[in-house]
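S.K.: File input12.cif follows (mmCIF, C-alpha atoms):
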data_model
loop_
_atom_site.label_atom_id
_atom_site.label_comp_id
_atom_site.auth_asym_id
_atom_site.auth_seq_id
_atom_site.Cartn_x
_atom_site.Cartn_y
_atom_site.Cartn_z
CA MET A 119 0.00 0.00 0.00
CA PHE A 120 2.74 2.47 0.92
CA SER A 121 5.46 3.56 -1.44
CA HIS A 122 8.10 4.16 1.25
CA PRO A 123 8.89 2.80 4.75
CA SER A 124 8.60 6.32 6.19
CA GLU A 125 4.97 6.46 5.07
CA GLU A 126 4.21 3.16 6.76
CA GLU A 127 5.82 4.41 9.96
CA PHE A 128 3.88 7.67 9.75
CA ALA A 129 0.63 5.72 9.37
CA ARG A 130 1.48 3.66 12.45
CA ILE A 131 2.08 6.84 14.41
CA LEU A 132 -1.27 8.29 13.36
CA ASP A 133 -3.00 5.05 14.33
CA PHE A 134 -1.24 5.04 17.69
CA TYR A 135 -2.66 8.46 18.52
CA GLY A 136 -6.12 7.69 17.19
CA ILE A 137 -5.96 10.02 14.20
CA THR A 138 -8.27 9.07 11.33
CA TRP A 139 -6.39 9.21 8.03
CA ARG A 140 -6.63 8.28 4.36
CA TYR A 141 -3.72 7.42 2.10
CA GLU A 142 -3.54 9.39 -1.15
CA PRO A 143 -7.32 9.84 -1.29
CA VAL A 144 -7.32 12.74 -3.76
CA THR A 145 -5.40 13.70 -6.86
CA PHE A 146 -5.35 17.40 -7.57
CA PRO A 147 -4.86 18.38 -11.24
CA LEU A 148 -2.24 21.13 -11.50
CA ASP A 149 -1.88 21.74 -15.22
CA TRP A 150 -3.94 21.10 -18.32
CA ASP A 151 -3.38 21.22 -22.06
CA ALA A 152 -5.55 23.16 -24.50
CA GLN A 153 -7.94 20.20 -24.75
CA GLY A 154 -8.43 20.14 -20.98
CA ASP A 155 -6.44 16.98 -20.44
CA VAL A 156 -4.45 16.90 -17.23
CA LEU A 157 -0.73 17.31 -17.80
CA GLU A 158 0.37 17.40 -14.20
CA ALA A 159 -1.25 16.33 -10.96
CA PHE A 160 -0.39 15.93 -7.31
CA SER A 161 -1.57 13.36 -4.77
CA PRO A 162 -0.64 14.27 -1.19
CA ASP A 163 0.34 11.21 0.81
CA PHE A 164 -2.03 11.53 3.75
CA TYR A 165 -5.31 13.20 4.58
CA LEU A 166 -6.10 13.68 8.27
CA VAL A 167 -9.87 13.57 8.29
CA GLN A 168 -10.79 15.43 11.48
CA GLU A 169 -8.13 18.05 10.85
CA ASP A 170 -9.05 18.51 7.19
CA LEU A 171 -5.33 18.51 6.56
CA TYR A 172 -3.22 16.96 3.81
CA VAL A 173 0.32 15.90 4.66
CA GLU A 174 3.02 15.30 2.09
CA LEU A 175 5.84 13.25 3.50
CA THR A 176 9.07 13.30 1.60
CA THR A 177 12.52 11.94 2.23
CA LEU A 178 14.07 13.66 -0.77
CA ARG A 179 17.28 15.52 -0.18
CA GLN A 180 16.91 19.31 0.00
CA SER A 181 18.56 19.67 -3.39
CA LEU A 182 15.80 17.59 -4.95
CA MET A 183 12.94 19.31 -3.19
CA ARG A 184 12.42 22.08 -5.74
CA ILE A 185 9.88 20.15 -7.79
CA LYS A 186 7.95 19.15 -4.68
CA HIS A 187 7.84 22.73 -3.42
CA ARG A 188 6.71 23.97 -6.81
CA LYS A 189 3.85 21.48 -6.91
CA ILE A 190 2.69 22.46 -3.45
CA ARG A 191 2.86 26.16 -4.33
CA ARG A 192 0.79 25.48 -7.43
CA LEU A 193 -1.71 23.44 -5.44
CA LYS A 194 -2.16 26.30 -2.98
CA GLU A 195 -2.69 28.75 -5.84
CA LEU A 196 -5.33 26.60 -7.52
CA TYR A 197 -6.99 25.25 -4.39
CA PRO A 198 -6.58 27.88 -1.66
CA GLU A 199 -9.13 26.15 0.53
CA VAL A 200 -6.88 23.08 0.82
CA ASN A 201 -4.72 22.80 3.93
CA ILE A 202 -1.46 20.99 3.27
CA ARG A 203 1.78 20.58 5.22
CA LEU A 204 5.04 19.27 3.89
CA TRP A 205 7.13 17.10 6.17
CA ASP A 206 10.65 16.78 4.85
CA ARG A 207 13.45 14.44 5.94
CA ARG A 208 14.59 16.86 8.65
CA ASP A 209 11.08 17.06 10.10
CA PHE A 210 10.86 13.28 10.16
CA LEU A 211 14.28 12.97 11.75
CA ARG A 212 13.40 15.43 14.52
CA PHE A 213 10.20 13.51 15.06
CA LEU A 214 12.09 10.23 15.41
CA GLU A 215 14.56 11.86 17.78
CA ARG A 216 11.75 12.91 20.08
CA PHE A 217 10.72 9.28 20.35
CA GLY A 218 14.27 8.36 21.19
CA GLU A 219 14.72 6.56 17.88
CA THR A 220 18.21 6.82 16.49
CA GLY A 221 18.76 3.41 14.97
CA ARG A 222 16.40 3.30 12.01
CA GLU A 223 17.04 6.59 10.23
CA GLN A 224 18.60 4.93 7.19
CA GLU A 225 15.73 2.50 6.86
CA LEU A 226 13.10 5.18 7.22
CA ILE A 227 14.55 8.22 5.49
CA GLY A 228 17.47 7.00 3.44
CA LYS A 229 21.21 6.96 3.49
CA GLU A 230 22.02 10.58 2.79
CA ALA A 231 23.27 12.79 5.58
CA VAL A 232 20.23 13.62 7.63
CA ARG A 233 21.51 15.98 10.27
CA GLY A 234 22.18 18.91 8.01
CA MET B 57 30.47 3.14 32.54
CA GLU B 58 29.54 6.77 33.21
CA GLU B 59 32.51 9.06 33.53
CA SER B 60 32.75 10.08 37.19
CA GLY B 61 32.25 13.77 37.90
CA ARG B 62 30.70 14.51 34.53
CA GLN B 63 28.32 17.47 34.66
CA ILE B 64 25.35 17.45 32.32
CA ALA B 65 25.80 21.17 31.64
CA ASP B 66 29.14 20.29 30.05
CA ASP B 67 27.24 18.61 27.21
CA ILE B 68 25.52 21.84 26.20
CA ALA B 69 26.89 23.74 23.23
CA ARG B 70 24.80 26.87 23.75
CA VAL B 71 21.90 28.07 25.83
CA ILE B 72 18.66 28.94 24.01
CA LEU B 73 16.63 30.06 27.02
CA THR B 74 18.23 31.08 30.27
CA GLU B 75 16.88 30.14 33.68
CA GLU B 76 15.95 33.78 34.27
CA GLN B 77 14.03 34.04 31.00
CA ILE B 78 12.11 30.86 31.78
CA GLN B 79 11.26 31.86 35.34
CA THR B 80 10.18 35.37 34.33
CA ARG B 81 7.82 34.01 31.70
CA ILE B 82 6.39 31.39 34.07
CA ALA B 83 5.67 34.11 36.63
CA GLU B 84 3.73 36.01 33.95
CA MET B 85 1.79 32.89 33.01
CA GLY B 86 1.00 32.19 36.66
CA ALA B 87 -0.32 35.72 37.12
CA ALA B 88 -2.56 35.37 34.06
CA ILE B 89 -3.91 32.03 35.27
CA SER B 90 -4.57 33.56 38.71
CA ARG B 91 -6.66 36.29 37.11
CA ASP B 92 -8.57 34.01 34.75
CA TYR B 93 -9.35 31.26 37.26
CA ALA B 94 -10.18 33.32 40.34
CA GLY B 95 -13.10 31.69 42.11
CA LYS B 96 -13.12 28.66 39.80
CA ASP B 97 -11.02 26.25 41.87
CA PRO B 98 -9.40 24.75 38.76
CA LEU B 99 -7.76 21.38 38.51
CA LEU B 100 -4.32 21.48 36.89
CA VAL B 101 -3.53 18.27 35.04
CA GLY B 102 -0.12 17.24 33.74
CA VAL B 103 1.32 14.22 31.98
CA LEU B 104 4.40 12.71 33.54
CA SER B 105 7.19 13.19 33.49
CA GLY B 106 8.69 16.14 31.61
CA VAL B 107 6.08 18.56 32.90
CA VAL B 108 6.98 18.25 36.58
CA PHE B 109 9.53 21.08 36.49
CA PHE B 110 7.18 23.49 34.76
CA MET B 111 4.22 22.44 36.88
CA ALA B 112 6.11 22.94 40.13
CA ASP B 113 7.34 26.41 39.15
CA LEU B 114 4.00 27.44 37.65
CA LEU B 115 2.08 26.43 40.78
CA ARG B 116 4.28 28.66 42.91
CA HIS B 117 3.20 31.64 40.81
CA ILE B 118 -0.54 30.92 40.97
CA ALA B 119 -2.18 32.89 43.75
CA VAL B 120 -5.66 31.33 43.72
CA PRO B 121 -6.70 27.91 45.07
CA VAL B 122 -5.95 25.10 42.61
CA ALA B 123 -5.84 21.32 42.76
CA LEU B 124 -3.22 19.17 41.06
CA ASP B 125 -3.32 15.80 39.36
CA PHE B 126 -1.08 13.79 37.05
CA MET B 127 -1.48 11.06 34.52
CA ALA B 128 0.98 8.99 32.51
CA ILE B 129 0.70 7.43 29.08
CA SER B 130 2.65 5.04 26.90
CA HIS B 131 4.66 6.57 24.09
CA TYR B 132 5.10 5.48 20.51
CA GLN B 133 8.06 3.30 19.72
CA THR B 134 9.13 3.19 16.10
CA GLY B 135 8.87 -0.12 14.36
CA GLY B 136 6.83 -1.54 17.18
CA SER B 137 3.67 -3.49 16.71
CA SER B 138 0.67 -1.38 15.97
CA GLY B 139 -1.35 -0.30 18.96
CA THR B 140 -2.74 2.75 20.60
CA VAL B 141 -1.86 5.00 23.48
CA ARG B 142 -2.35 3.38 26.88
CA ILE B 143 -3.00 5.37 30.02
CA THR B 144 -0.46 3.86 32.43
CA LYS B 145 -1.47 6.10 35.32
CA ASP B 146 -4.89 7.67 35.39
CA LEU B 147 -6.04 10.77 37.23
CA GLU B 148 -7.06 10.50 40.86
CA TYR B 149 -9.88 13.06 40.62
CA PRO B 150 -13.04 12.99 38.47
CA LEU B 151 -13.23 15.86 35.97
CA ASN B 152 -17.00 16.08 35.72
CA GLY B 153 -17.97 19.75 36.18
CA ARG B 154 -14.43 20.89 37.03
CA HIS B 155 -12.54 23.68 35.31
CA VAL B 156 -9.50 21.82 34.01
CA LEU B 157 -6.28 23.42 32.88
CA PHE B 158 -4.08 20.96 31.05
CA VAL B 159 -0.43 21.86 31.63
CA GLU B 160 2.18 20.59 29.20
CA ASP B 161 5.89 21.28 28.88
CA VAL B 162 6.06 21.12 25.09
CA ILE B 163 3.78 20.81 22.08
CA ASP B 164 5.27 19.64 18.80
CA THR B 165 3.06 17.73 16.37
CA GLY B 166 0.06 18.01 18.67
CA LEU B 167 -0.61 14.27 18.35
CA THR B 168 -0.12 13.43 22.03
CA LEU B 169 -1.97 16.49 23.27
CA SER B 170 -4.82 15.90 20.86
CA TYR B 171 -5.24 12.35 22.15
CA LEU B 172 -5.18 13.48 25.77
CA LEU B 173 -7.68 16.29 25.24
CA ARG B 174 -10.05 13.93 23.44
CA THR B 175 -9.78 11.55 26.36
CA LEU B 176 -10.33 14.22 28.99
CA ARG B 177 -13.29 15.77 27.16
CA THR B 178 -15.19 12.50 27.49
CA ARG B 179 -15.06 13.06 31.26
CA GLN B 180 -17.18 16.19 30.84
CA PRO B 181 -15.19 18.96 32.53
CA ALA B 182 -16.86 22.37 32.86
CA SER B 183 -14.00 23.76 30.79
CA LEU B 184 -10.77 22.40 29.37
CA ARG B 185 -7.95 24.70 28.31
CA VAL B 186 -4.26 24.22 27.58
CA CYS B 187 -1.17 25.83 29.06
CA VAL B 188 2.10 25.05 27.26
CA LEU B 189 5.55 26.32 28.12
CA PHE B 190 7.36 25.41 24.90
CA ASP B 191 5.71 25.56 21.51
CA ARG B 192 7.40 24.01 18.51
CA PRO B 193 4.99 24.88 15.69
CA LYS B 194 6.98 23.82 12.64
CA ARG B 195 5.82 20.21 12.64
CA ARG B 196 2.31 20.80 13.95
CA LEU B 197 -0.19 18.36 12.53
CA ILE B 198 -3.06 18.93 14.91
CA ASP B 199 -3.99 22.54 15.63
CA ILE B 200 -4.79 23.00 19.29
CA PRO B 201 -5.81 26.33 20.83
CA LEU B 202 -3.30 27.34 23.49
CA ALA B 203 -4.75 29.49 26.26
CA TYR B 204 -1.32 30.12 27.75
CA GLN B 205 1.96 29.85 25.89
CA GLY B 206 5.49 30.42 27.11
CA PHE B 207 8.07 30.32 24.35
CA GLU B 208 8.27 29.33 20.73
CA LEU B 209 11.23 27.00 20.28
CA PRO B 210 13.48 27.09 17.22
CA ASP B 211 13.69 24.04 14.97
CA LEU B 212 16.56 22.51 16.90
CA PHE B 213 16.93 19.47 19.10
CA VAL B 214 17.05 21.07 22.55
CA VAL B 215 17.18 19.72 26.08
CA GLY B 216 16.65 21.03 29.56
CA TYR B 217 13.85 22.20 31.79
CA GLY B 218 11.88 18.98 31.25
CA LEU B 219 13.06 18.27 27.70
CA ASP B 220 15.15 15.15 27.52
CA ALA B 221 17.52 13.11 25.40
CA HIS B 222 17.15 9.49 26.43
CA GLU B 223 15.64 10.65 29.72
CA HIS B 224 18.67 12.78 30.60
CA TYR B 225 19.05 16.59 30.83
CA ARG B 226 15.49 17.23 32.05
CA ASN B 227 16.93 18.68 35.26
CA LEU B 228 18.88 21.46 33.59
CA PRO B 229 17.37 24.79 34.73
CA PHE B 230 17.77 26.24 31.23
CA VAL B 231 17.16 25.06 27.65
CA GLY B 232 20.11 24.42 25.40
CA VAL B 233 21.49 22.65 22.37
CA LEU B 234 23.64 19.57 22.86
CA LYS B 235 27.16 19.48 21.57
CA PRO B 236 27.40 17.68 18.21
CA ASP B 237 29.29 14.70 19.64
CA VAL B 238 26.74 14.05 22.39
CA PRO B 239 24.31 11.19 21.63
CA ARG B 240 20.71 12.33 21.27
#
What does the file become when written as structure tokens?
M.R.:
Amino acid sequence: MFSHPSEEEFARILDFYGITWRYEPVTFPLDWDAQGDVLEAFSPDFYLVQEDLYVELTTLRQSLMRIKHRKIRRLKELYPEVNIRLWDRRDFLRFLERFGETGREQELIGKEAVRG
Amino acid sequence: MEESGRQIADDIARVILTEEQIQTRIAEMGAAISRDYAGKDPLLVGVLSGVVFFMADLLRHIAVPVALDFMAISHYQTGGSSGTVRITKDLEYPLNGRHVLFVEDVIDTGLTLSYLLRTLRTRQPASLRVCVLFDRPKRRLIDIPLAYQGFELPDLFVVGYGLDAHEHYRNLPFVGVLKPDVPR
């Protein structure tokens, strides 16, 4: 179901705290051609139902985040009523640190330097 | 084996909030709570164990009658089997009809606090508000109204004044950043 171990861990955390969530429940079209066909779309990873909040979880390195940021900016322009938060690898690392977890960073967020 | 004579303050690279800054702000929060809860005989509730430092100092700055209670919960462990939060120590007092002020040392994602507030609301308090010393809003997932708020923390791993690294450093009277070579 999940495309990355970090997503599976995130889902477990939400379950632990009793948060109702959906995985990639909506795809938002971001760009269309002249015929109205969708050229680009974006599916946020999680939707927190009670919070009406979408969460995009990414473990991409900062240098590769530009495309992700652009998509989220575009989504906010086209759908200003949508609440979305981006959790990057640093956010996830800090989160793991707070739970005292320091042994599974590579498994969950990859092998690149994560402290920077 | 632990190096003899090691001082926990030696592990701090720099101080983010001094003891004086923390105590000054807590005195202000205590004064505000005293005004707002005069005549309401509120029950202050905290979750063990990081909050004990803040709770103890806050109580000394509240000038109106208050009662105190604590609870404890299990925390998430990564990679563990799925499950839910367990209350490992419940409150001693019923909340029905009481004005409850939930006191917390830090709010980050809001997940823990959200769970606790949902649980306490089922006990039908007359009111339920939140007092937080340290707010770390960057990773907030669950928006929770904060009636009283001390400081906004930067996006750094910090310890002290209740905040721990592997259960250590809570007893520092200030908040600081660990040196890079210190395990966190």
S.K.: Just so the selection is clear, what residues does the PyMOL selection byres ((chain B) within 8 of (chain A)) cover here, as a PyMOL selection string?
M.R.: chain B and resi 131-135+138-141+167-168+171+195+197-199+213+221-222+240
S.K.: Keeping only C-alpha atoms, write those residues as a PDB file, keeping the file's coordinate frame.
M.R.:
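As a result, out.pdb now contains:
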ATOM      1  CA  HIS B 131       4.660   6.570  24.090  1.00  0.00           C
ATOM      2  CA  TYR B 132       5.100   5.480  20.510  1.00  0.00           C
ATOM      3  CA  GLN B 133       8.060   3.300  19.720  1.00  0.00           C
ATOM      4  CA  THR B 134       9.130   3.190  16.100  1.00  0.00           C
ATOM      5  CA  GLY B 135       8.870  -0.120  14.360  1.00  0.00           C
ATOM      6  CA  SER B 138       0.670  -1.380  15.970  1.00  0.00           C
ATOM      7  CA  GLY B 139      -1.350  -0.300  18.960  1.00  0.00           C
ATOM      8  CA  THR B 140      -2.740   2.750  20.600  1.00  0.00           C
ATOM      9  CA  VAL B 141      -1.860   5.000  23.480  1.00  0.00           C
ATOM     10  CA  LEU B 167      -0.610  14.270  18.350  1.00  0.00           C
ATOM     11  CA  THR B 168      -0.120  13.430  22.030  1.00  0.00           C
ATOM     12  CA  TYR B 171      -5.240  12.350  22.150  1.00  0.00           C
ATOM     13  CA  ARG B 195       5.820  20.210  12.640  1.00  0.00           C
ATOM     14  CA  LEU B 197      -0.190  18.360  12.530  1.00  0.00           C
ATOM     15  CA  ILE B 198      -3.060  18.930  14.910  1.00  0.00           C
ATOM     16  CA  ASP B 199      -3.990  22.540  15.630  1.00  0.00           C
ATOM     17  CA  PHE B 213      16.930  19.470  19.100  1.00  0.00           C
ATOM     18  CA  ALA B 221      17.520  13.110  25.400  1.00  0.00           C
ATOM     19  CA  HIS B 222      17.150   9.490  26.430  1.00  0.00           C
ATOM     20  CA  ARG B 240      20.710  12.330  21.270  1.00  0.00           C
TER      21      ARG B 240
END
S.K.: Please provide as a ChimeraX atom specification all residues within 8 Å of Phe110 in chain B, with the sequence filter that same-chain residues fewer than 3 positions apart are discarded (counting all atoms listed in the file).
M.R.: /B:82,107,113-114,161,189,217-218
S.K.: Calculated over only C-alpha atoms, which of the candidates B:Tyr225, B:Val231, B:Asp237, B:Met111 has the smallest distance to Val188 in chain B?
M.R.: B:Met111
S.K.: Name the residues in contact with Val120 in chain B at a cut-off of 12 Å, using all atoms listed in the file, excluding same-chain residues fewer than 2 positions from it; report them as a list in words.
M.R.: Gly86, Ala87, Ala88, Ile89, Ser90, Arg91, Asp92, Tyr93, Ala94, Gly95, Lys96, Asp97, Pro98, Leu99, Leu115, Arg116, His117, Ile118, Val122 and Ala123 of chain B
S.K.: Using Å and a single decimal, report how far CA of Leu178 in chain A sits from CA of Val238 in chain B.
M.R.: 26.4 Å
S.K.: Please indicate the distance in Å from CA of Val162 in chain B to CA of Pro210 in chain B, rounded to one decimal place.
M.R.: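 Between these atoms lies a distance of 12.4 Å.
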S.K.: Using all atoms listed in the file, which of the listed residues (B:Gly102, B:Gly206, B:Pro181, B:Pro193) sits closest to Phe158 in chain B?
M.R.: B:Gly102
S.K.: For range 155-172 of chain B, supply N, CA and C atoms and format the output as a JSON list (two decimals), keeping the file's coordinate frame.
M.R.:
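Output contents, as saved in rebuild-v6.json:
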[["chain", "number", "residue", "atom", "x", "y", "z"],
["B", 155, "HIS", "N", -13.30, 22.89, 36.28],
["B", 155, "HIS", "CA", -12.54, 23.68, 35.31],
["B", 155, "HIS", "C", -11.12, 23.09, 35.28],
["B", 156, "VAL", "N", -10.76, 22.55, 34.14],
["B", 156, "VAL", "CA", -9.50, 21.82, 34.01],
["B", 156, "VAL", "C", -8.54, 22.63, 33.15],
["B", 157, "LEU", "N", -7.35, 22.80, 33.66],
["B", 157, "LEU", "CA", -6.28, 23.42, 32.88],
["B", 157, "LEU", "C", -5.22, 22.36, 32.64],
["B", 158, "PHE", "N", -5.06, 21.98, 31.39],
["B", 158, "PHE", "CA", -4.08, 20.96, 31.05],
["B", 158, "PHE", "C", -2.72, 21.63, 30.85],
["B", 159, "VAL", "N", -1.76, 21.22, 31.64],
["B", 159, "VAL", "CA", -0.43, 21.86, 31.63],
["B", 159, "VAL", "C", 0.56, 20.91, 30.96],
["B", 160, "GLU", "N", 1.25, 21.42, 29.96],
["B", 160, "GLU", "CA", 2.18, 20.59, 29.20],
["B", 160, "GLU", "C", 3.50, 21.34, 29.04],
["B", 161, "ASP", "N", 4.61, 20.61, 29.04],
["B", 161, "ASP", "CA", 5.89, 21.28, 28.88],
["B", 161, "ASP", "C", 6.12, 21.68, 27.43],
["B", 162, "VAL", "N", 5.77, 20.80, 26.48],
["B", 162, "VAL", "CA", 6.06, 21.12, 25.09],
["B", 162, "VAL", "C", 4.98, 20.54, 24.18],
["B", 163, "ILE", "N", 4.66, 21.31, 23.14],
["B", 163, "ILE", "CA", 3.78, 20.81, 22.08],
["B", 163, "ILE", "C", 4.56, 20.87, 20.78],
["B", 164, "ASP", "N", 4.53, 19.74, 20.07],
["B", 164, "ASP", "CA", 5.27, 19.64, 18.80],
["B", 164, "ASP", "C", 4.26, 19.34, 17.69],
["B", 165, "THR", "N", 4.04, 18.07, 17.40],
["B", 165, "THR", "CA", 3.06, 17.73, 16.37],
["B", 165, "THR", "C", 1.63, 17.97, 16.83],
["B", 166, "GLY", "N", 1.42, 17.91, 18.13],
["B", 166, "GLY", "CA", 0.06, 18.01, 18.67],
["B", 166, "GLY", "C", -0.63, 16.66, 18.78],
["B", 167, "LEU", "N", 0.03, 15.59, 18.35],
["B", 167, "LEU", "CA", -0.61, 14.27, 18.35],
["B", 167, "LEU", "C", -0.91, 13.80, 19.78],
["B", 168, "THR", "N", 0.08, 13.90, 20.66],
["B", 168, "THR", "CA", -0.12, 13.43, 22.03],
["B", 168, "THR", "C", -1.18, 14.28, 22.73],
["B", 169, "LEU", "N", -1.04, 15.58, 22.60],
["B", 169, "LEU", "CA", -1.97, 16.49, 23.27],
["B", 169, "LEU", "C", -3.39, 16.30, 22.74],
["B", 170, "SER", "N", -3.50, 16.11, 21.45],
["B", 170, "SER", "CA", -4.82, 15.90, 20.86],
["B", 170, "SER", "C", -5.47, 14.65, 21.45],
["B", 171, "TYR", "N", -4.69, 13.58, 21.57],
["B", 171, "TYR", "CA", -5.24, 12.35, 22.15],
["B", 171, "TYR", "C", -5.70, 12.59, 23.59],
["B", 172, "LEU", "N", -4.86, 13.27, 24.35],
["B", 172, "LEU", "CA", -5.18, 13.48, 25.77],
["B", 172, "LEU", "C", -6.42, 14.36, 25.93]]
